[in-house]
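Asks: Sharing query_21.cif here; it has mmCIF, C-alpha atoms.
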data_data
loop_
_atom_site.label_atom_id
_atom_site.label_comp_id
_atom_site.auth_asym_id
_atom_site.auth_seq_id
_atom_site.Cartn_x
_atom_site.Cartn_y
_atom_site.Cartn_z
CA MET A 1 15.42 -30.79 -7.39
CA LEU A 2 11.75 -29.67 -7.19
CA ARG A 3 8.86 -31.97 -6.38
CA VAL A 4 5.28 -30.75 -6.25
CA LYS A 5 2.41 -33.11 -5.56
CA GLU A 6 -1.22 -32.09 -5.88
CA MET A 7 -0.74 -28.36 -5.80
CA THR A 8 -4.19 -26.73 -5.77
CA LEU A 9 -4.21 -23.33 -7.43
CA LEU A 10 -6.56 -20.46 -6.61
CA ASN A 11 -8.68 -21.41 -9.64
CA GLY A 12 -9.12 -24.92 -8.21
CA LYS A 13 -6.81 -26.65 -10.69
CA LYS A 14 -4.60 -29.46 -9.31
CA ILE A 15 -1.07 -29.87 -10.69
CA ASP A 16 1.87 -32.25 -10.15
CA LEU A 17 5.41 -31.39 -11.20
CA GLU A 18 8.80 -32.97 -10.83
CA LEU A 19 11.83 -31.06 -12.03
CA ARG A 20 15.39 -32.39 -12.27
CA ARG A 21 18.64 -30.49 -12.71
CA GLY A 22 19.15 -29.27 -16.26
CA GLU A 23 15.53 -29.96 -17.14
CA VAL A 24 13.18 -27.63 -18.98
CA VAL A 25 9.41 -27.93 -18.66
CA GLN A 26 7.13 -26.02 -20.98
CA LEU A 27 3.57 -25.40 -19.80
CA GLU A 28 0.92 -25.71 -22.47
CA GLY A 29 -2.70 -24.68 -22.42
CA ALA A 30 -5.22 -22.10 -23.52
CA ASN A 31 -5.25 -18.52 -22.22
CA GLY A 32 -6.66 -18.15 -18.72
CA VAL A 33 -6.22 -21.79 -17.78
CA GLY A 34 -3.84 -20.91 -14.94
CA LYS A 35 -0.28 -21.34 -16.31
CA SER A 36 0.98 -18.00 -14.95
CA LEU A 37 -0.91 -18.62 -11.72
CA PHE A 38 0.96 -21.91 -11.37
CA LEU A 39 4.33 -20.14 -11.77
CA LYS A 40 3.35 -17.52 -9.16
CA SER A 41 2.13 -20.26 -6.84
CA LEU A 42 5.44 -22.10 -7.17
CA ALA A 43 7.25 -18.89 -6.19
CA LYS A 44 4.84 -18.50 -3.28
CA LEU A 45 3.66 -15.12 -4.54
CA VAL A 46 -0.03 -16.05 -4.45
CA PRO A 47 -1.79 -18.47 -2.08
CA SER A 48 -2.05 -22.16 -2.99
CA SER A 49 -2.11 -25.45 -1.14
CA TRP A 50 -0.25 -28.69 -1.80
CA LYS A 51 0.03 -32.23 -0.56
CA GLU A 52 3.78 -32.24 -0.89
CA MET A 53 6.32 -29.66 -2.07
CA SER A 54 10.07 -29.76 -1.70
CA LEU A 55 13.12 -28.08 -3.16
CA PHE A 56 16.32 -30.06 -2.77
CA GLU A 57 14.43 -32.43 -0.43
CA LYS A 58 13.55 -29.53 1.91
CA SER A 59 10.03 -28.25 2.48
CA PRO A 60 9.18 -24.54 1.88
CA GLN A 61 8.98 -24.02 5.65
CA GLU A 62 12.70 -24.83 5.91
CA TYR A 63 13.54 -21.84 3.69
CA SER A 64 12.96 -18.19 4.39
CA LEU A 65 10.42 -16.79 1.93
CA GLN A 66 13.11 -14.58 0.33
CA ASP A 67 15.42 -17.57 -0.08
CA TRP A 68 12.68 -19.67 -1.62
CA ARG A 69 11.83 -16.93 -4.12
CA GLY A 70 15.48 -16.16 -4.84
CA LYS A 71 16.22 -19.82 -5.59
CA MET A 72 13.06 -20.22 -7.66
CA LEU A 73 13.01 -16.93 -9.47
CA TYR A 74 9.80 -15.90 -11.22
CA LEU A 75 10.08 -13.52 -14.16
CA PRO A 76 6.76 -11.81 -15.00
CA PRO A 77 5.82 -11.11 -18.64
CA GLU A 78 5.82 -7.33 -18.19
CA VAL A 79 9.00 -5.67 -16.95
CA SER A 80 8.47 -3.19 -14.10
CA PHE A 81 10.87 -0.48 -13.09
CA ASP A 82 11.12 3.04 -11.71
CA PRO A 83 10.98 5.41 -14.76
CA GLU A 84 14.05 7.29 -13.52
CA MET A 85 16.18 4.14 -13.43
CA SER A 86 19.15 3.53 -15.71
CA VAL A 87 19.87 0.00 -16.89
CA GLN A 88 22.75 -0.16 -14.38
CA ASP A 89 20.37 0.83 -11.53
CA PHE A 90 17.99 -1.86 -12.76
CA PHE A 91 20.74 -4.50 -12.63
CA ASP A 92 21.91 -3.36 -9.19
CA LEU A 93 18.48 -2.98 -7.54
CA PRO A 94 18.30 -6.48 -6.00
CA LEU A 95 21.77 -6.04 -4.48
CA SER A 96 20.23 -3.49 -2.10
CA PHE A 97 17.98 -6.22 -0.64
CA GLU A 98 18.79 -7.90 2.65
CA ARG A 99 18.98 -11.30 0.95
CA TYR A 100 21.87 -10.26 -1.30
CA GLU A 101 24.05 -8.70 1.39
CA GLY A 102 27.64 -9.67 0.54
CA PHE A 103 26.46 -11.48 -2.62
CA GLN A 104 29.11 -11.82 -5.32
CA ARG A 105 27.80 -12.03 -8.86
CA SER A 106 29.34 -14.75 -11.01
CA PHE A 107 27.35 -13.67 -14.05
CA PHE A 108 27.74 -9.99 -14.92
CA PRO A 109 24.80 -8.66 -16.95
CA GLU A 110 26.89 -5.60 -17.85
CA ASN A 111 29.09 -7.90 -19.96
CA TYR A 112 26.10 -8.70 -22.15
CA TRP A 113 24.60 -5.20 -22.35
CA ARG A 114 26.77 -2.37 -23.63
CA ASP A 115 25.09 0.89 -22.69
CA THR A 116 24.16 0.56 -19.02
CA PHE A 117 23.70 4.31 -18.49
CA VAL A 118 20.69 4.56 -20.77
CA LYS A 119 17.29 5.03 -19.06
CA MET A 120 15.09 1.95 -18.76
CA SER A 121 12.13 3.99 -19.98
CA SER A 122 13.85 4.61 -23.33
CA LEU A 123 14.21 0.87 -24.11
CA SER A 124 11.81 -1.03 -26.37
CA SER A 125 9.63 -3.76 -24.86
CA GLY A 126 11.92 -6.45 -26.28
CA GLN A 127 15.02 -4.75 -24.86
CA LYS A 128 13.36 -4.52 -21.43
CA GLN A 129 12.76 -8.27 -21.52
CA GLN A 130 16.40 -8.81 -22.39
CA VAL A 131 17.74 -6.79 -19.45
CA ALA A 132 15.20 -8.43 -17.12
CA LEU A 133 16.46 -11.87 -18.18
CA LEU A 134 20.09 -10.82 -17.76
CA ARG A 135 19.33 -9.47 -14.28
CA ALA A 136 17.58 -12.71 -13.29
CA LEU A 137 20.56 -14.79 -14.43
CA SER A 138 22.96 -12.57 -12.49
CA LEU A 139 21.24 -13.51 -9.22
CA SER A 140 22.23 -17.18 -9.50
CA PRO A 141 18.80 -18.77 -9.17
CA GLU A 142 18.41 -22.55 -9.09
CA ILE A 143 15.19 -22.58 -11.08
CA LEU A 144 13.85 -19.95 -13.48
CA LEU A 145 10.09 -19.59 -13.76
CA LEU A 146 9.71 -17.74 -17.05
CA ASP A 147 6.36 -16.22 -18.00
CA GLU A 148 6.39 -15.30 -21.71
CA PRO A 149 10.12 -14.40 -21.62
CA PHE A 150 10.41 -13.85 -25.39
CA GLY A 151 7.00 -12.26 -26.03
CA HIS A 152 8.41 -8.95 -27.31
CA MET A 153 11.75 -10.11 -28.76
CA ASP A 154 12.48 -10.40 -32.48
CA GLY A 155 13.59 -13.72 -34.01
CA ALA A 156 17.35 -13.07 -33.77
CA LYS A 157 17.20 -11.94 -30.14
CA ARG A 158 14.92 -14.84 -29.26
CA LYS A 159 17.58 -17.22 -30.60
CA GLU A 160 20.40 -15.37 -28.84
CA PHE A 161 18.61 -15.38 -25.46
CA SER A 162 17.37 -18.96 -25.70
CA ASP A 163 21.02 -19.95 -26.38
CA LEU A 164 22.06 -17.97 -23.30
CA LEU A 165 19.40 -19.68 -21.16
CA GLU A 166 20.48 -23.04 -22.50
CA GLU A 167 24.10 -22.31 -21.63
CA TRP A 168 23.07 -21.22 -18.12
CA CYS A 169 20.99 -24.36 -17.66
CA LEU A 170 23.81 -26.68 -18.74
CA LYS A 171 26.66 -24.89 -16.96
CA SER A 172 24.96 -24.19 -13.63
CA ASP A 173 22.76 -27.29 -13.55
CA GLY A 174 19.71 -25.03 -13.31
CA ALA A 175 16.19 -25.82 -14.46
CA MET A 176 13.43 -23.85 -16.13
CA VAL A 177 9.65 -23.84 -16.24
CA ILE A 178 8.47 -21.81 -19.21
CA VAL A 179 5.13 -20.40 -20.31
CA SER A 180 5.45 -19.17 -23.87
CA HIS A 181 3.02 -18.73 -26.71
CA VAL A 182 5.89 -18.13 -29.15
CA PRO A 183 7.86 -21.29 -30.08
CA VAL A 184 11.00 -21.79 -27.95
CA HIS A 185 13.83 -23.75 -29.46
CA PHE A 186 16.91 -25.08 -27.66
CA ASP A 187 19.74 -26.79 -29.55
CA SER A 188 20.67 -29.46 -27.02
CA LEU A 189 17.91 -29.27 -24.39
CA ASN A 190 14.74 -31.17 -24.99
CA PRO A 191 11.86 -29.55 -23.05
CA SER A 192 9.19 -31.79 -21.61
CA HIS A 193 5.63 -30.55 -21.90
CA LEU A 194 3.07 -30.21 -19.15
CA LYS A 195 -0.47 -29.85 -20.44
CA PHE A 196 -2.98 -27.78 -18.47
CA MET B 1 -32.23 34.07 26.99
CA MET B 2 -31.72 30.90 24.96
CA LEU B 3 -33.99 32.22 22.21
CA ASP B 4 -31.81 35.35 21.97
CA LYS B 5 -28.88 33.11 21.11
CA PHE B 6 -30.84 31.50 18.29
CA PHE B 7 -32.06 34.89 17.05
CA SER B 8 -28.42 36.01 16.75
CA LEU B 9 -28.06 33.47 13.92
CA ILE B 10 -30.70 35.22 11.80
CA PRO B 11 -28.41 37.73 10.03
CA TYR B 12 -25.98 34.93 9.15
CA TRP B 13 -28.80 32.80 7.80
CA GLY B 14 -30.07 35.88 5.97
CA GLY B 15 -26.69 36.17 4.20
CA VAL B 16 -26.74 32.50 3.17
CA ALA B 17 -30.36 32.73 2.00
CA PHE B 18 -29.57 35.83 -0.09
CA LEU B 19 -26.60 34.10 -1.71
CA ALA B 20 -28.68 30.97 -2.38
CA PHE B 21 -31.43 33.12 -3.94
CA ILE B 22 -28.95 34.80 -6.32
CA LEU B 23 -27.38 31.48 -7.28
CA SER B 24 -30.74 29.75 -7.70
CA LYS B 25 -31.40 31.55 -10.97
CA ARG B 26 -28.48 29.94 -12.79
CA GLN B 27 -26.98 27.35 -10.41
CA LYS B 28 -29.97 25.69 -8.79
CA LYS B 29 -28.00 22.60 -7.67
CA ILE B 30 -25.22 24.56 -5.90
CA SER B 31 -27.79 26.84 -4.33
CA LYS B 32 -29.65 23.82 -2.91
CA ASP B 33 -26.36 22.28 -1.70
CA ILE B 34 -25.39 25.48 0.16
CA LEU B 35 -28.78 25.67 1.86
CA TRP B 36 -28.73 21.99 2.79
CA ALA B 37 -25.15 22.17 4.15
CA SER B 38 -25.97 25.29 6.17
CA PHE B 39 -29.13 23.68 7.55
CA ARG B 40 -27.26 20.50 8.48
CA THR B 41 -24.41 22.40 10.15
CA THR B 42 -26.86 24.47 12.18
CA LEU B 43 -28.86 21.45 13.25
CA GLN B 44 -25.81 19.30 14.01
CA LEU B 45 -24.08 21.98 16.06
CA ILE B 46 -27.23 22.83 18.04
CA PHE B 47 -27.74 19.15 18.71
CA LEU B 48 -24.07 18.89 19.68
CA ALA B 49 -24.44 21.83 22.07
CA PHE B 50 -27.36 20.15 23.89
CA ALA B 51 -25.53 16.82 23.95
CA LEU B 52 -22.36 18.45 25.28
CA GLU B 53 -24.33 20.33 27.95
CA LEU B 54 -25.46 16.95 29.21
CA ILE B 55 -22.12 15.21 28.82
CA PHE B 56 -20.13 18.06 30.39
CA LYS B 57 -22.16 17.74 33.58
CA SER B 58 -20.15 14.60 34.25
CA THR B 59 -16.49 14.60 35.30
CA GLU B 60 -16.08 10.84 35.03
CA LEU B 61 -13.45 9.15 32.86
CA ILE B 62 -15.89 6.44 31.81
CA VAL B 63 -18.19 9.05 30.23
CA SER B 64 -15.21 10.51 28.33
CA LEU B 65 -14.23 7.06 27.10
CA LEU B 66 -17.76 6.18 25.98
CA VAL B 67 -18.13 9.40 24.00
CA ALA B 68 -14.58 9.02 22.63
CA LEU B 69 -15.55 5.56 21.36
CA ILE B 70 -18.60 6.99 19.58
CA MET B 71 -16.48 9.80 18.06
CA THR B 72 -13.84 7.31 16.89
CA PHE B 73 -16.56 5.06 15.45
CA ASN B 74 -17.93 8.01 13.43
CA SER B 75 -14.46 9.04 12.28
CA SER B 76 -13.78 5.47 11.09
CA THR B 77 -17.10 5.38 9.23
CA GLN B 78 -16.11 8.61 7.46
CA ILE B 79 -12.73 7.11 6.51
CA VAL B 80 -14.47 4.03 5.02
CA SER B 81 -16.87 6.16 2.97
CA ARG B 82 -14.07 8.40 1.69
CA SER B 83 -11.76 5.46 0.90
CA LYS B 84 -14.50 4.12 -1.43
CA THR B 85 -13.78 0.58 -0.32
CA SER B 86 -14.85 -1.55 2.59
CA ARG B 87 -12.37 -4.31 1.75
CA TYR B 88 -9.38 -5.22 3.91
CA LYS B 89 -11.40 -4.36 7.04
CA ILE B 90 -10.70 -0.65 6.50
CA PHE B 91 -13.18 0.23 9.26
CA TRP B 92 -11.30 -1.74 11.91
CA ILE B 93 -7.95 -0.57 10.59
CA SER B 94 -9.10 3.05 10.98
CA PHE B 95 -10.72 2.46 14.34
CA LEU B 96 -7.72 0.73 15.90
CA SER B 97 -5.16 3.12 14.43
CA ASN B 98 -7.20 6.06 15.82
CA VAL B 99 -7.31 4.45 19.28
CA PHE B 100 -3.60 3.63 19.27
CA SER B 101 -2.34 6.96 17.96
CA ILE B 102 -4.87 9.81 18.34
CA TRP B 103 -6.12 8.85 21.79
CA PRO B 104 -2.72 8.89 23.57
CA ILE B 105 -1.90 12.27 22.01
CA ALA B 106 -5.28 13.78 22.98
CA PHE B 107 -4.93 12.36 26.50
CA PHE B 108 -1.48 13.89 26.85
CA PHE B 109 -2.65 17.23 25.48
CA SER B 110 -5.55 17.32 27.91
CA TRP B 111 -3.35 16.26 30.84
CA GLU B 112 -0.69 18.84 29.99
CA SER B 113 -3.09 21.75 29.49
CA SER B 114 -5.43 21.12 32.45
CA GLU B 115 -4.76 21.87 36.06
CA THR B 116 -7.38 19.43 37.35
CA GLY B 117 -9.69 16.78 35.94
CA TRP B 118 -7.88 16.32 32.62
CA TYR B 119 -9.88 13.14 31.96
CA GLY B 120 -13.28 14.78 32.31
CA PRO B 121 -15.41 15.13 29.15
CA MET B 122 -15.17 18.93 29.20
CA ARG B 123 -11.38 18.88 28.92
CA LEU B 124 -10.73 15.76 26.91
CA LEU B 125 -13.48 15.57 24.31
CA PRO B 126 -13.02 18.95 22.57
CA LEU B 127 -9.30 18.21 22.11
CA LEU B 128 -9.92 14.65 20.93
CA GLY B 129 -12.59 15.93 18.55
CA MET B 130 -10.25 18.55 17.07
CA ILE B 131 -7.45 16.04 16.47
CA LEU B 132 -9.76 13.30 15.12
CA GLY B 133 -11.54 15.76 12.86
CA ASN B 134 -8.31 17.07 11.43
CA SER B 135 -6.65 13.70 10.93
CA PHE B 136 -9.33 11.48 9.38
CA ASN B 137 -9.02 13.10 5.98
CA GLY B 138 -5.26 12.40 5.90
CA VAL B 139 -5.82 8.79 6.97
CA SER B 140 -8.43 8.17 4.27
CA ILE B 141 -6.19 9.78 1.60
CA ALA B 142 -3.23 7.63 2.69
CA LEU B 143 -5.25 4.38 2.74
CA THR B 144 -6.83 5.14 -0.65
CA THR B 145 -3.43 6.03 -2.13
CA TYR B 146 -1.91 2.78 -0.84
CA ILE B 147 -4.74 0.60 -2.21
CA GLU B 148 -4.88 2.37 -5.59
CA THR B 149 -1.11 2.51 -6.02
CA PHE B 150 -0.80 -1.15 -5.04
CA ARG B 151 -3.43 -1.99 -7.68
CA ASP B 152 -1.58 0.04 -10.36
CA HIS B 153 1.89 -1.22 -9.39
CA LYS B 154 1.09 -4.77 -8.37
CA ASN B 155 3.39 -6.11 -11.08
CA GLN B 156 6.25 -4.03 -9.70
CA VAL B 157 5.71 -5.39 -6.19
CA ILE B 158 5.54 -8.95 -7.57
CA THR B 159 8.79 -8.36 -9.48
CA LEU B 160 10.61 -7.13 -6.38
CA LEU B 161 9.30 -10.01 -4.26
CA SER B 162 10.33 -12.47 -6.97
CA LEU B 163 13.84 -11.11 -6.87
CA GLY B 164 14.05 -11.89 -3.14
CA ALA B 165 12.93 -8.60 -1.57
CA THR B 166 11.18 -8.71 1.79
CA GLU B 167 7.60 -7.40 1.88
CA GLU B 168 8.88 -4.24 3.52
CA GLU B 169 11.52 -3.72 0.79
CA ALA B 170 8.99 -4.39 -1.98
CA THR B 171 6.43 -1.89 -0.66
CA ARG B 172 8.76 0.79 0.72
CA ASN B 173 7.99 3.25 -2.11
CA LEU B 174 4.25 2.63 -1.83
CA PHE B 175 4.38 3.23 1.89
CA TYR B 176 6.33 6.45 1.52
CA ARG B 177 4.08 7.72 -1.27
CA SER B 178 0.90 7.03 0.76
CA LEU B 179 2.28 8.60 3.94
CA LYS B 180 3.31 11.68 1.95
CA ALA B 181 -0.11 11.96 0.27
CA GLY B 182 -1.87 11.81 3.63
CA ILE B 183 0.37 14.21 5.49
CA SER B 184 1.07 16.82 2.75
CA PRO B 185 -2.20 18.81 3.19
CA HIS B 186 -1.35 19.25 6.89
CA ILE B 187 2.21 20.32 6.16
CA ASN B 188 0.96 22.85 3.61
CA SER B 189 -1.63 24.17 6.02
CA MET B 190 1.00 24.51 8.78
CA LEU B 191 3.29 26.44 6.46
CA ALA B 192 0.49 28.91 5.67
CA MET B 193 -0.68 29.27 9.26
CA GLY B 194 -0.34 32.76 10.69
CA ILE B 195 0.76 34.13 7.31
CA VAL B 196 -2.23 33.33 5.14
CA SER B 197 -4.75 32.02 7.64
CA ILE B 198 -5.81 32.29 11.27
CA PRO B 199 -7.12 28.90 12.37
CA GLY B 200 -10.69 28.55 13.63
CA MET B 201 -9.81 27.60 17.18
CA MET B 202 -7.43 30.55 17.58
CA ALA B 203 -9.90 32.96 15.96
CA GLY B 204 -12.56 31.76 18.43
CA GLN B 205 -10.27 32.45 21.37
CA LEU B 206 -9.30 35.88 20.09
CA VAL B 207 -12.95 36.81 19.65
CA ALA B 208 -13.53 35.60 23.23
CA GLU B 209 -10.80 38.10 24.24
CA THR B 210 -8.12 35.61 25.28
CA SER B 211 -4.60 37.07 25.04
CA ALA B 212 -3.08 36.63 21.57
CA LEU B 213 -0.02 34.85 22.96
CA ASP B 214 -2.12 32.33 24.94
CA ALA B 215 -4.27 31.72 21.86
CA SER B 216 -1.13 31.21 19.73
CA ILE B 217 0.48 28.80 22.21
CA LEU B 218 -2.69 26.71 22.39
CA GLN B 219 -2.96 26.72 18.61
CA ILE B 220 0.69 25.63 18.28
CA LYS B 221 0.03 22.74 20.66
CA MET B 222 -3.03 21.80 18.66
CA MET B 223 -1.19 21.89 15.32
CA LEU B 224 1.69 19.82 16.68
CA SER B 225 -0.79 17.32 18.12
CA VAL B 226 -2.67 17.16 14.81
CA ILE B 227 0.45 16.62 12.68
CA SER B 228 1.94 14.00 15.02
CA GLY B 229 -1.45 12.32 15.53
CA THR B 230 -2.12 12.21 11.78
CA ALA B 231 1.36 10.93 10.90
CA LEU B 232 1.26 8.27 13.62
CA CYS B 233 -2.29 7.27 12.74
CA ILE B 234 -1.41 6.92 9.03
CA TYR B 235 1.70 4.93 9.91
CA VAL B 236 -0.24 2.51 12.13
CA ALA B 237 -3.13 2.27 9.62
CA LEU B 238 -0.75 1.47 6.73
CA LYS B 239 0.98 -1.20 8.84
CA PHE B 240 -2.42 -2.77 9.59
CA LEU B 241 -3.41 -2.57 5.90
CA HIS B 242 -0.11 -4.19 4.91
CA LYS B 243 -0.98 -7.12 7.19
CA LYS B 244 -4.31 -7.50 5.39
CA ILE B 245 -2.76 -7.42 1.91
CA PHE B 246 -0.06 -9.98 2.72
CA LEU B 247 -0.96 -13.31 4.31
CA PRO B 248 1.01 -14.33 7.43
CA SER B 249 2.80 -16.83 5.16
CA GLY B 250 3.87 -13.95 2.87
CA GLU B 251 1.72 -14.49 -0.23
CA ILE B 252 -0.18 -11.54 -1.69
CA CYS B 253 -3.95 -11.70 -1.25
CA PHE B 254 -4.71 -8.39 -2.98
CA GLU B 255 -7.58 -8.36 -5.49
#
Using structure tokens, write down the structure that the file contains.

Replies:
Amino acid sequence: MLRVKEMTLLNGKKIDLELRRGEVVQLEGANGVGKSLFLKSLAKLVPSSWKEMSLFEKSPQEYSLQDWRGKMLYLPPEVSFDPEMSVQDFFDLPLSFERYEGFQRSFFPENYWRDTFVKMSSLSSGQKQQVALLRALSLSPEILLLDEPFGHMDGAKRKEFSDLLEEWCLKSDGAMVIVSHVPVHFDSLNPSHLKF
Amino acid sequence: MMLDKFFSLIPYWGGVAFLAFILSKRQKKISKDILWASFRTTLQLIFLAFALELIFKSTELIVSLLVALIMTFNSSTQIVSRSKTSRYKIFWISFLSNVFSIWPIAFFFSWESSETGWYGPMRLLPLLGMILGNSFNGVSIALTTYIETFRDHKNQVITLLSLGATEEEATRNLFYRSLKAGISPHINSMLAMGIVSIPGMMAGQLVAETSALDASILQIKMMLSVISGTALCIYVALKFLHKKIFLPSGEICFE
């Protein structure tokens, strides 16, 4: 579904990547080597150049920037939000964007999070990561670019959310590229590793 | 005759010198600053008076435009030094936004309030100078706020863009916050005008024995020109800055 040939990052590093449906790729390498930069470059958030890049056999130019980013959703390690926001506001925020006009959610994050009226600012770091993951899944991306998605979660939650991601990947034929310094375990998915 | 005019400044300078002398015993630095600022103001305004005497002899539009360019250049230099950054071509952003927003307003003001020769230096330049002088602070505050807030909330902007927001949707709050920061001092000053303060231009006219109503009307026109010029200038400057922070292909190139 995604093919990237000779992508040159801002730090000069050159990367190739090929991602198929239902596939998980875990990026490995020391701090500062450019793993997060690669994820941001894939989502076209920071400048990069490439010899060839296509998503579903179409070049980035054939997508609007919003469509490209919506299909290949990047989740940063730190969760950002307006301090006055409730969890429900946080879930609904993207629906106010032009891209999601008339969008019908097939995955309802509210079903996985009980108290949606609580303020985002009162959640722990791990809880913020959980609601950010749920929100990302609710937007029906094709590929998830996850930057330290479990960094603040405890062991039980890490298992619960990796199971949820696995289920999403299998059911919706999605794919994931993950940067994680904590071990990620999937029951039936076997991540391939890309060394930096 | 001319010397008499300079001699009339002596009591005012006497007051400043007395104050500086008192302060010099405990606050040497402030005392020096007051003397230096007073000296600079005196010198600059006397120099300005001689320059204006020369410039005002002309009634040509080209002279007005040349001096307006120099004034706008100086205003943009001030904005750069106050913004504490020369990145993102702040100078050109300020210069162009001044030309596109302050100039048309000053031209209109001069045209509307003059019976003849609205484009001559004597009519146009004082009005342009008043509006430029009042707006550059707001522009530099707005640009600084945008750059600093973008730096502090870069992750938030990245998150919104990642979720599929357009650049405009992702930076709407930043834009609003910066515009508000730049324009608020002017709004506050307008609210206090006539109740707490009598503005300098109006006070000058009253002292020169113009009717109070005429002085008020002119001051109202000036305040409305300043607020609309500042708001428009900030708006245009922020739009230009936005174009420098985002590449034409949409990626962020903010450091």

Asks: Would you kindly report the residues of chain B within 7 Å of chain A, using all atoms listed in the file, as a PyMOL selection string?

Replies: chain B and resi 155-156+159+162-166+251-253

Asks: Applying the PyMOL selection byres ((chain B and resi 223-232) around 6) to the file I just gave you, which residues come out? Please list them as a PyMOL selection string.

Replies: chain B and resi 101-102+131+135+220-222+233-235

Asks: Applying the PyMOL selection byres ((chain B and resi 75) around 12) to the file I just gave you, which residues come out? Please list them as a ChimeraX atom specification.

Replies: /B:68-74,76-82,90-99,102,128-140

Asks: When the PyMOL selection byres ((chain B and resi 126) around 12) is applied to the structure above, which residues does it catch, written out as a ChimeraX atom specification?

Replies: /B:48-49,52,55-56,64,67-68,71,106-107,109-110,118-125,127-133,201,222

Asks: List the spatial neighbours of Ser38 (chain B) as a PyMOL selection string - criterion: any atom at most 9 Å away, only C-alpha atoms, same-chain residues fewer than 4 positions off excluded.

Replies: chain B and resi 13+16+33-34+42-43

Asks: Please indicate the distance in Å from CA of Trp111 (chain B) to CA of Leu65 (chain B), rounded to one decimal place.

Replies: 14.7 Å

Asks: Work out how far apart CA of His193 (chain A) and CA of Val33 (chain A) are and give it in Å to one decimal.

Replies: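 Between CA of His193 (chain A) and CA of Val33 (chain A) the gap is 15.3 Å.
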
Asks: Excluding same-chain residues fewer than 4 positions from Ser86 (chain A), what lies within 6 Å of it counting only C-alpha atoms, as number ranges by chain?

Replies: A: 117-120

Asks: Skipping near chain neighbours, those fewer than 3 positions away, what residues fall within 10 Å of His152 (chain A) using all atoms listed in the file, listed as a list of chain:residue names?

Replies: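 Once the adjacent positions are removed, what remains is A:Pro77, A:Glu78, A:Ser124, A:Ser125, A:Gly126, A:Gln127, A:Lys128, A:Gln129, A:Gln130, A:Glu148, A:Pro149, A:Gly155, A:Lys157, A:Arg158, A:Val182.
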
Asks: What's the separation between CA of Arg172 (chain B) and CA of Ser249 (chain B), in Å to one decimal place?

Replies: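 Answer for the CA of Arg172 (chain B) to CA of Ser249 (chain B) separation: 19.1 Å.
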
Asks: Tell me which residues come within 10 Å of (0.3, -29.5, -4.4), as a PyMOL selection string, counting only C-alpha atoms in the file's coordinates.

Replies: chain A and resi 3-9+13-17+41-42+48-53

Asks: Could you dump the residues just selected with C-alpha atoms as a CSV table (one decimal), in the frame of the given file?

Replies:
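Saved as out14.csv:
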chain,number,residue,atom,x,y,z
A,3,ARG,CA,8.9,-32.0,-6.4
A,4,VAL,CA,5.3,-30.8,-6.2
A,5,LYS,CA,2.4,-33.1,-5.6
A,6,GLU,CA,-1.2,-32.1,-5.9
A,7,MET,CA,-0.7,-28.4,-5.8
A,8,THR,CA,-4.2,-26.7,-5.8
A,9,LEU,CA,-4.2,-23.3,-7.4
A,13,LYS,CA,-6.8,-26.6,-10.7
A,14,LYS,CA,-4.6,-29.5,-9.3
A,15,ILE,CA,-1.1,-29.9,-10.7
A,16,ASP,CA,1.9,-32.2,-10.2
A,17,LEU,CA,5.4,-31.4,-11.2
A,41,SER,CA,2.1,-20.3,-6.8
A,42,LEU,CA,5.4,-22.1,-7.2
A,48,SER,CA,-2.0,-22.2,-3.0
A,49,SER,CA,-2.1,-25.4,-1.1
A,50,TRP,CA,-0.2,-28.7,-1.8
A,51,LYS,CA,0.0,-32.2,-0.6
A,52,GLU,CA,3.8,-32.2,-0.9
A,53,MET,CA,6.3,-29.7,-2.1

Asks: Hey, what's within 7 Å of Ser138 (chain A) if we count only C-alpha atoms and toss same-chain stuff fewer than 3 positions away? As a PDB file with C-alpha atoms, keeping the file's coordinate frame, please?

Replies:
ATOM      1  CA  ARG A 105      27.800 -12.030  -8.860  1.00  0.00           C
ATOM      2  CA  SER A 106      29.340 -14.750 -11.010  1.00  0.00           C
ATOM      3  CA  PHE A 107      27.350 -13.670 -14.050  1.00  0.00           C
ATOM      4  CA  PHE A 108      27.740  -9.990 -14.920  1.00  0.00           C
ATOM      5  CA  PRO A 109      24.800  -8.660 -16.950  1.00  0.00           C
ATOM      6  CA  LEU A 134      20.090 -10.820 -17.760  1.00  0.00           C
ATOM      7  CA  ARG A 135      19.330  -9.470 -14.280  1.00  0.00           C
TER       8      ARG A 135
END

Asks: Since the input is missing atoms, can you rebuild N, CA and C atoms for region 249-253 of chain B and write them as a PDB file, keeping the file's coordinate frame?

Replies:
ATOM      1  N   SER B 249       1.760 -16.015   5.807  1.00  0.00           N
ATOM      2  CA  SER B 249       2.800 -16.830   5.160  1.00  0.00           C
ATOM      3  C   SER B 249       3.513 -16.065   4.038  1.00  0.00           C
ATOM      4  N   GLY B 250       3.128 -14.811   3.791  1.00  0.00           N
ATOM      5  CA  GLY B 250       3.870 -13.950   2.870  1.00  0.00           C
ATOM      6  C   GLY B 250       3.286 -13.791   1.484  1.00  0.00           C
ATOM      7  N   GLU B 251       2.307 -14.626   1.110  1.00  0.00           N
ATOM      8  CA  GLU B 251       1.720 -14.490  -0.230  1.00  0.00           C
ATOM      9  C   GLU B 251       0.827 -13.250  -0.277  1.00  0.00           C
ATOM     10  N   ILE B 252       0.661 -12.723  -1.502  1.00  0.00           N
ATOM     11  CA  ILE B 252      -0.180 -11.540  -1.690  1.00  0.00           C
ATOM     12  C   ILE B 252      -1.636 -11.981  -1.804  1.00  0.00           C
ATOM     13  N   CYS B 253      -2.527 -11.357  -1.052  1.00  0.00           N
ATOM     14  CA  CYS B 253      -3.950 -11.700  -1.250  1.00  0.00           C
ATOM     15  C   CYS B 253      -4.713 -10.438  -1.640  1.00  0.00           C
TER      16      CYS B 253
END
